[in-house]
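Have a look at my_file.csv; it's CSV, C-alpha atoms and all ligand atoms:
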```csv
chain,number,residue,atom,x,y,z
U,1,MET,CA,-8.7,-26.0,-0.5
U,2,THR,CA,-10.4,-27.2,-3.6
U,3,PHE,CA,-8.5,-27.9,-6.8
U,4,SER,CA,-9.7,-24.6,-8.4
U,5,GLU,CA,-8.8,-22.6,-5.3
U,6,ALA,CA,-5.3,-24.1,-5.4
U,7,GLU,CA,-5.0,-23.3,-9.1
U,8,THR,CA,-6.2,-19.7,-8.6
U,9,LYS,CA,-3.6,-19.2,-5.9
U,10,MET,CA,-0.9,-20.7,-8.1
U,11,ARG,CA,-1.8,-18.3,-10.9
U,12,PHE,CA,-1.8,-15.4,-8.5
U,13,LEU,CA,1.7,-16.2,-7.3
U,14,PHE,CA,2.9,-16.8,-10.8
U,15,ALA,CA,1.6,-13.4,-12.0
U,16,LEU,CA,3.5,-11.8,-9.1
U,17,ARG,CA,6.7,-13.6,-9.8
U,18,SER,CA,6.6,-13.0,-13.5
U,19,ASN,CA,6.2,-9.3,-12.8
U,20,GLY,CA,9.3,-9.2,-10.7
U,21,VAL,CA,8.0,-9.9,-7.2
U,22,VAL,CA,10.7,-12.4,-6.1
U,23,ASN,CA,11.3,-11.6,-2.4
U,24,GLN,CA,10.1,-14.7,-0.5
U,25,ARG,CA,8.9,-12.8,2.6
U,26,VAL,CA,6.8,-10.5,0.4
U,27,LEU,CA,5.4,-13.5,-1.6
U,28,SER,CA,4.5,-15.3,1.6
U,29,ALA,CA,2.8,-12.2,3.0
U,30,MET,CA,0.8,-11.9,-0.2
U,31,GLU,CA,-0.1,-15.6,-0.2
U,32,SER,CA,-1.5,-15.2,3.4
U,33,VAL,CA,-3.9,-12.3,2.7
U,34,ASP,CA,-7.0,-13.1,0.6
U,35,ARG,CA,-7.4,-10.1,-1.7
U,36,SER,CA,-11.1,-11.0,-2.3
U,37,GLU,CA,-11.9,-9.7,1.2
U,38,PHE,CA,-10.8,-6.2,0.1
U,39,VAL,CA,-12.9,-6.1,-3.1
U,40,GLN,CA,-16.7,-5.7,-2.8
U,41,GLY,CA,-19.6,-6.6,-5.0
U,42,ILE,CA,-19.4,-7.7,-8.6
U,43,PHE,CA,-15.6,-7.3,-8.9
U,44,SER,CA,-14.8,-9.7,-6.0
U,45,ASP,CA,-14.6,-12.7,-8.3
U,46,ARG,CA,-11.8,-11.0,-10.2
U,47,ALA,CA,-9.8,-10.3,-7.1
U,48,HIS,CA,-7.1,-12.9,-7.9
U,49,GLU,CA,-6.3,-11.5,-11.2
U,50,ASP,CA,-3.4,-9.1,-11.6
U,51,LEU,CA,-5.6,-6.1,-12.1
U,52,PRO,CA,-6.4,-2.9,-10.3
U,53,LEU,CA,-10.2,-2.9,-9.5
U,54,PRO,CA,-12.7,-0.2,-8.5
U,55,ILE,CA,-13.6,0.3,-4.8
U,56,ASP,CA,-15.9,2.8,-3.0
U,57,CYS,CA,-15.5,6.6,-3.2
U,58,GLY,CA,-14.3,6.4,-6.9
U,59,GLN,CA,-10.9,4.9,-5.8
U,60,THR,CA,-9.0,1.8,-6.8
U,61,ILE,CA,-7.4,-1.2,-5.1
U,62,SER,CA,-3.9,-1.4,-6.7
U,63,GLN,CA,-2.8,-4.2,-9.0
U,64,PRO,CA,-1.3,-7.0,-6.9
U,65,SER,CA,2.0,-7.0,-8.7
U,66,ILE,CA,2.4,-3.2,-8.0
U,67,VAL,CA,1.6,-3.8,-4.4
U,68,GLY,CA,4.2,-6.6,-4.4
U,69,LEU,CA,6.9,-4.4,-6.1
U,70,MET,CA,6.3,-1.5,-3.8
U,71,THR,CA,6.4,-3.7,-0.7
U,72,GLN,CA,9.6,-5.3,-2.0
U,73,ALA,CA,11.2,-1.9,-2.7
U,74,LEU,CA,10.3,-0.8,0.8
U,75,GLN,CA,12.5,-3.6,2.4
U,76,VAL,CA,10.4,-3.8,5.5
U,77,GLU,CA,12.0,-5.4,8.5
U,78,ALA,CA,10.2,-7.2,11.3
U,79,ARG,CA,10.7,-4.5,13.9
U,80,ASP,CA,9.7,-1.6,11.6
U,81,ARG,CA,6.9,0.9,12.2
U,82,VAL,CA,5.4,1.7,8.8
U,83,LEU,CA,3.3,4.6,7.7
U,84,GLU,CA,1.0,4.2,4.7
U,85,ILE,CA,-0.7,7.1,3.0
U,86,GLY,CA,-3.9,6.1,1.1
U,87,THR,CA,-5.6,3.2,2.9
U,88,GLY,CA,-8.1,2.7,0.1
U,89,SER,CA,-9.4,-0.9,0.4
U,90,GLY,CA,-6.9,-1.7,3.2
U,91,TYR,CA,-5.2,-4.4,1.1
U,92,GLN,CA,-1.7,-2.9,1.0
U,93,ALA,CA,-1.6,-2.3,4.8
U,94,ALA,CA,-2.8,-5.8,5.4
U,95,ILE,CA,0.2,-7.1,3.5
U,96,LEU,CA,2.5,-4.8,5.4
U,97,SER,CA,1.0,-6.0,8.7
U,98,LYS,CA,2.5,-9.4,8.0
U,99,LEU,CA,6.0,-8.0,7.6
U,100,ALA,CA,6.2,-5.1,10.1
U,101,ARG,CA,5.7,-4.6,13.8
U,102,ARG,CA,3.1,-1.8,13.4
U,103,VAL,CA,1.4,-0.2,10.5
U,104,TYR,CA,-0.3,3.2,10.6
U,105,SER,CA,-2.4,4.1,7.5
U,106,VAL,CA,-4.1,7.4,6.7
U,107,GLU,CA,-7.1,7.8,4.4
U,108,ARG,CA,-9.1,11.0,3.5
U,109,HIS,CA,-12.4,9.2,2.8
U,110,ARG,CA,-14.4,8.5,6.0
U,111,ARG,CA,-16.2,5.5,4.4
U,112,LEU,CA,-13.0,3.8,3.4
U,113,VAL,CA,-11.6,4.3,6.9
U,114,LYS,CA,-14.7,2.6,8.4
U,115,VAL,CA,-14.7,-0.3,5.9
U,116,ALA,CA,-10.9,-1.0,6.4
U,117,ARG,CA,-11.2,-0.9,10.2
U,118,GLU,CA,-14.1,-3.4,10.1
U,119,LEU,CA,-12.1,-5.7,7.8
U,120,TYR,CA,-9.0,-5.7,10.1
U,121,HIS,CA,-11.3,-6.6,13.0
U,122,LYS,CA,-12.9,-9.4,11.0
U,123,LEU,CA,-9.6,-10.8,9.8
U,124,ASP,CA,-8.0,-10.5,13.2
U,125,ILE,CA,-5.3,-8.1,12.0
U,126,THR,CA,-4.4,-6.2,15.1
U,127,ASN,CA,-1.3,-4.3,14.3
U,128,VAL,CA,-2.8,-1.8,11.7
U,129,THR,CA,-4.3,1.5,12.8
U,130,VAL,CA,-6.3,3.5,10.3
U,131,PHE,CA,-6.6,7.3,10.7
U,132,LEU,CA,-8.9,9.7,8.9
U,133,GLY,CA,-6.9,12.7,7.7
U,134,ASP,CA,-4.9,14.4,5.0
U,135,GLY,CA,-1.9,12.1,4.6
U,136,SER,CA,0.1,14.7,2.8
U,137,LEU,CA,0.7,16.0,6.3
U,138,GLY,CA,1.9,12.6,7.5
U,139,LEU,CA,1.0,11.5,11.1
U,140,SER,CA,3.2,13.7,13.3
U,141,GLU,CA,1.8,12.1,16.6
U,142,GLN,CA,3.3,8.7,15.6
U,143,ALA,CA,6.5,9.9,13.8
U,144,PRO,CA,9.2,9.1,13.1
U,145,PHE,CA,8.8,6.1,10.9
U,146,ASP,CA,11.2,3.4,9.6
U,147,ARG,CA,9.3,3.1,6.3
U,148,ILE,CA,6.7,5.3,4.5
U,149,ILE,CA,4.7,4.1,1.5
U,150,VAL,CA,2.5,6.5,-0.4
U,151,THR,CA,-0.2,4.8,-2.6
U,152,ALA,CA,-1.5,8.0,-4.3
U,153,ALA,CA,0.6,10.2,-6.7
U,154,ALA,CA,2.1,13.5,-5.6
U,155,GLU,CA,3.9,16.1,-7.7
U,156,ASP,CA,6.9,15.8,-5.3
U,157,PRO,CA,7.4,13.9,-2.1
U,158,PRO,CA,5.5,16.0,0.6
U,159,SER,CA,8.0,17.6,2.9
U,160,PRO,CA,6.2,16.5,6.1
U,161,LEU,CA,6.7,12.9,5.0
U,162,LEU,CA,10.4,13.4,4.4
U,163,SER,CA,10.8,14.9,7.8
U,164,GLN,CA,8.8,12.1,9.5
U,165,LEU,CA,11.1,9.5,8.0
U,166,LYS,CA,13.9,8.2,10.3
U,167,VAL,CA,17.5,8.6,9.3
U,168,GLY,CA,18.3,5.2,7.7
U,169,GLY,CA,14.6,5.0,6.6
U,170,THR,CA,13.1,4.4,3.2
U,171,MET,CA,10.0,5.9,1.5
U,172,VAL,CA,8.4,4.6,-1.7
U,173,ILE,CA,6.1,7.0,-3.6
U,174,PRO,CA,4.8,7.7,-7.1
U,175,VAL,CA,5.6,11.2,-8.2
U,176,GLY,CA,5.0,13.3,-11.3
U,177,ARG,CA,2.9,16.0,-12.8
U,178,SER,CA,0.8,13.8,-15.1
U,179,ASN,CA,-2.5,12.3,-14.1
U,180,LEU,CA,-1.8,9.4,-16.4
U,181,TYR,CA,1.6,8.1,-15.4
U,182,GLN,CA,4.0,8.7,-12.7
U,183,ASP,CA,7.5,7.6,-11.7
U,184,LEU,CA,7.7,5.3,-8.7
U,185,ILE,CA,10.7,6.4,-6.7
U,186,ARG,CA,12.5,5.2,-3.6
U,187,VAL,CA,13.9,7.8,-1.2
U,188,ARG,CA,16.5,6.9,1.4
U,189,LYS,CA,17.2,9.3,4.2
U,190,THR,CA,20.8,9.3,5.2
U,191,GLU,CA,22.9,11.4,7.6
U,192,ASP,CA,23.9,13.6,4.6
U,193,GLY,CA,20.5,14.1,3.1
U,194,MET,CA,18.1,12.3,0.7
U,195,GLU,CA,19.1,9.7,-2.0
U,196,TYR,CA,16.6,9.1,-4.7
U,197,ASP,CA,16.2,6.2,-7.2
U,198,GLU,CA,13.7,5.7,-9.9
U,199,LEU,CA,12.1,2.3,-10.0
U,200,ARG,CA,9.5,2.2,-12.8
U,201,THR,CA,6.5,3.9,-14.3
U,202,VAL,CA,3.2,3.4,-12.5
U,203,ARG,CA,-0.4,4.8,-12.6
U,204,PHE,CA,-2.0,6.0,-9.4
U,205,VAL,CA,-4.9,8.2,-8.4
U,206,PRO,CA,-3.8,11.7,-7.2
U,207,LEU,CA,-2.8,12.5,-3.6
U,208,LEU,CA,-5.5,15.2,-2.8
U,209,GLU,CA,-5.5,17.7,-0.1
U,210,GLY,CA,-8.0,17.8,2.8
U,211,ILE,CA,-10.6,15.2,3.8
U,212,GLY,CA,-13.0,13.8,1.2
U,213,GLY,CA,-16.4,15.5,1.1
U,214,ASN,CA,-18.5,12.5,0.0
U,215,GLY,CA,-17.8,10.3,2.9
R,1,LIG,N1,-3.4,1.3,-0.8
R,1,LIG,C1,-4.7,1.2,-1.4
R,1,LIG,C2,-4.9,1.8,-2.7
R,1,LIG,C3,-4.9,3.2,-2.6
R,1,LIG,S1,-5.8,4.1,-3.8
R,1,LIG,C4,-5.1,-0.3,-1.4
R,1,LIG,O1,-4.3,-1.1,-1.0
R,1,LIG,O2,-6.3,-0.5,-1.7
R,1,LIG,C5,-5.3,5.7,-3.2
R,1,LIG,C6,-6.0,6.1,-1.9
R,1,LIG,O3,-5.4,7.3,-1.5
R,1,LIG,C7,-7.5,6.5,-2.1
R,1,LIG,O4,-8.3,5.7,-1.2
R,1,LIG,C8,-7.6,8.0,-1.8
R,1,LIG,O5,-8.8,8.4,-1.2
R,1,LIG,C9,-6.4,8.1,-0.9
R,1,LIG,N2,-5.9,9.5,-0.8
R,1,LIG,C10,-5.7,10.4,-1.8
R,1,LIG,N3,-5.2,11.6,-1.2
R,1,LIG,C11,-5.0,11.4,0.1
R,1,LIG,C12,-4.5,12.2,1.2
R,1,LIG,N4,-4.1,13.4,1.0
R,1,LIG,N5,-4.5,11.6,2.4
R,1,LIG,C13,-5.0,10.3,2.6
R,1,LIG,N6,-5.5,9.6,1.7
R,1,LIG,C14,-5.5,10.0,0.4
```
Take the structure in this file and express it as structure tokens.
Amino acid sequence: MTFSEAETKMRFLFALRSNGVVNQRVLSAMESVDRSEFVQGIFSDRAHEDLPLPIDCGQTISQPSIVGLMTQALQVEARDRVLEIGTGSGYQAAILSKLARRVYSVERHRRLVKVARELYHKLDITNVTVFLGDGSLGLSEQAPFDRIIVTAAAEDPPSPLLSQLKVGGTMVIPVGRSNLYQDLIRVRKTEDGMEYDELRTVRFVPLLEGIGGNG
């Protein structure tokens, strides 16, 4: 590693820590995945800044500190099977792959599915499976899940996702009616029902129904 690579890495980790990502397992997972692999073209040299960046199909790769905070809130354990809705660039699922046993990720744009699959192959990440589909329906053939993370904003947590969560499981999802800002919430499924807590304000692209028309 050159001096400037080491410095870039240090700044990246510092930005995560100063934004509240303090869990050591999460920080190590994020240190081990090079975000520049998930950002194409002119934006790739900004991949180590704490910024959301544009990706294909008019979508965005989330800001690293938000990825970190959501991952931390999910409290993933090594034996967990995790469902992600909204593969996008594939970055969030790559982080989860370092923490969980298996990750299933659903994306509605065919092109993003293809690019993410190719990246996992290239990076030798073998415990993530990407599916083309409408993630608001969940992934019933692989349910139930220990953890569910939704990286697009819904008005309310979709009921198929709540039912595909194990008792004792946790889901993290941005919810709200506004296109501009949403509340990131954590849902815990207990024997007696759902417990909700609000984590912070976030900004995500909307969770849309159906499969994307433009690839
Ligand atoms: N987790 C991503 C960022 C996601 S951006 C990353 O790490 O880069 C949100 C993604 O959710 C977009 O790619 C969008 O196409 C996808 N999306 C929106 N609605 C969806 C739905 N109903 N099912 C599956 N994916 C959806």
Check which residues fall inside 7 Å of ligand LIG 1 (chain R) when counting all atoms listed in the file, and print them as a PyMOL selection string. chain U and resi 59-62+85-93+106-109+112+133-136+151-152+205-210
What does the structure give for the distance between atom CA of U:Leu162 and atom CA of U:Val150, in Å to one decimal?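 Going from atom CA of U:Leu162 over to atom CA of U:Val150 covers 11.5 Å.
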Contacts of U:Asn179 at 12 Å or less, counting only C-alpha atoms, minus same-chain residues fewer than 3 places along, as a list in words? Ala152, Ala153, Ala154, Glu155, Pro174, Val175, Gly176, Gln182, Asp183, Val202, Arg203, Phe204, Val205, Pro206 and Leu207 of chain U
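Minimum distance to U:Glu5 across U:Met194, U:His48, U:Pro160, U:Asp56 (counting all atoms listed in the file) occurs at U:His48.
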Show me a table, sorted first by chain and then by increasing residue number, of the residues of stretch 24-50 of chain U having an atom at most 10 Å from stretch 64-74 of chain U, each with its shortest atom pair and the distance in Å to one decimal, counting all atoms listed in the file and written as a tab-separated table.
```
residue	atom	partner	partner_atom	distance
U:Gln24	CA	U:Gln72	CA	9.5
U:Arg25	CA	U:Gln72	CA	8.8
U:Val26	CA	U:Gln72	CA	6.4
U:Leu27	CA	U:Gly68	CA	7.5
U:Ala29	CA	U:Gly68	CA	9.4
U:Met30	CA	U:Gly68	CA	7.6
U:Arg35	CA	U:Pro64	CA	8.6
U:Ala47	CA	U:Pro64	CA	9.1
U:His48	CA	U:Pro64	CA	8.3
U:Glu49	CA	U:Pro64	CA	8.0
U:Asp50	CA	U:Pro64	CA	5.6
```
Work out how far atom CA of U:Asn127 is from atom CA of U:Tyr104, in Å to one decimal. 8.4 Å
Any idea what the distance is between atom CA of U:Thr126 and atom CA of U:Ala94?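 Separation between atom CA of U:Thr126 and atom CA of U:Ala94: 9.8 Å.
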Give me the residues near U:Asp45 as number ranges by chain, where near means some atom within 12 Å (using all atoms listed in the file) and where sequence neighbours in that chain fewer than 6 positions away do not count. U: 5, 8, 34-39, 51, 53
Kindly save the residues from that selection, with C-alpha atoms included, as an mmCIF file, keeping the file's coordinate frame.
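result.cif written:
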```cif
data_model
loop_
_atom_site.group_PDB
_atom_site.id
_atom_site.type_symbol
_atom_site.label_atom_id
_atom_site.label_comp_id
_atom_site.auth_asym_id
_atom_site.auth_seq_id
_atom_site.Cartn_x
_atom_site.Cartn_y
_atom_site.Cartn_z
ATOM 1 C CA GLU U 5 -8.800 -22.600 -5.300
ATOM 2 C CA THR U 8 -6.200 -19.700 -8.600
ATOM 3 C CA ASP U 34 -7.000 -13.100 0.600
ATOM 4 C CA ARG U 35 -7.400 -10.100 -1.700
ATOM 5 C CA SER U 36 -11.100 -11.000 -2.300
ATOM 6 C CA GLU U 37 -11.900 -9.700 1.200
ATOM 7 C CA PHE U 38 -10.800 -6.200 0.100
ATOM 8 C CA VAL U 39 -12.900 -6.100 -3.100
ATOM 9 C CA LEU U 51 -5.600 -6.100 -12.100
ATOM 10 C CA LEU U 53 -10.200 -2.900 -9.500
#
```
Nearby residues (all atoms listed in the file) at most 8 Å from U:Ser97, same-chain spacing under 4 positions excluded, as a VMD selection string: chain U and resid 93 101 to 103 125 127 to 128
Let me make sure I understand: among U:Ser178, U:Thr170, U:Thr190, U:Ser163, which one has the smallest atom-to-atom distance to U:Val82 if we use all atoms listed in the file? U:Thr170
Calculated over all atoms listed in the file, which of the candidates U:Arg81, U:Glu195, U:Val130, U:Asp146 has the smallest distance to U:Glu118? U:Val130
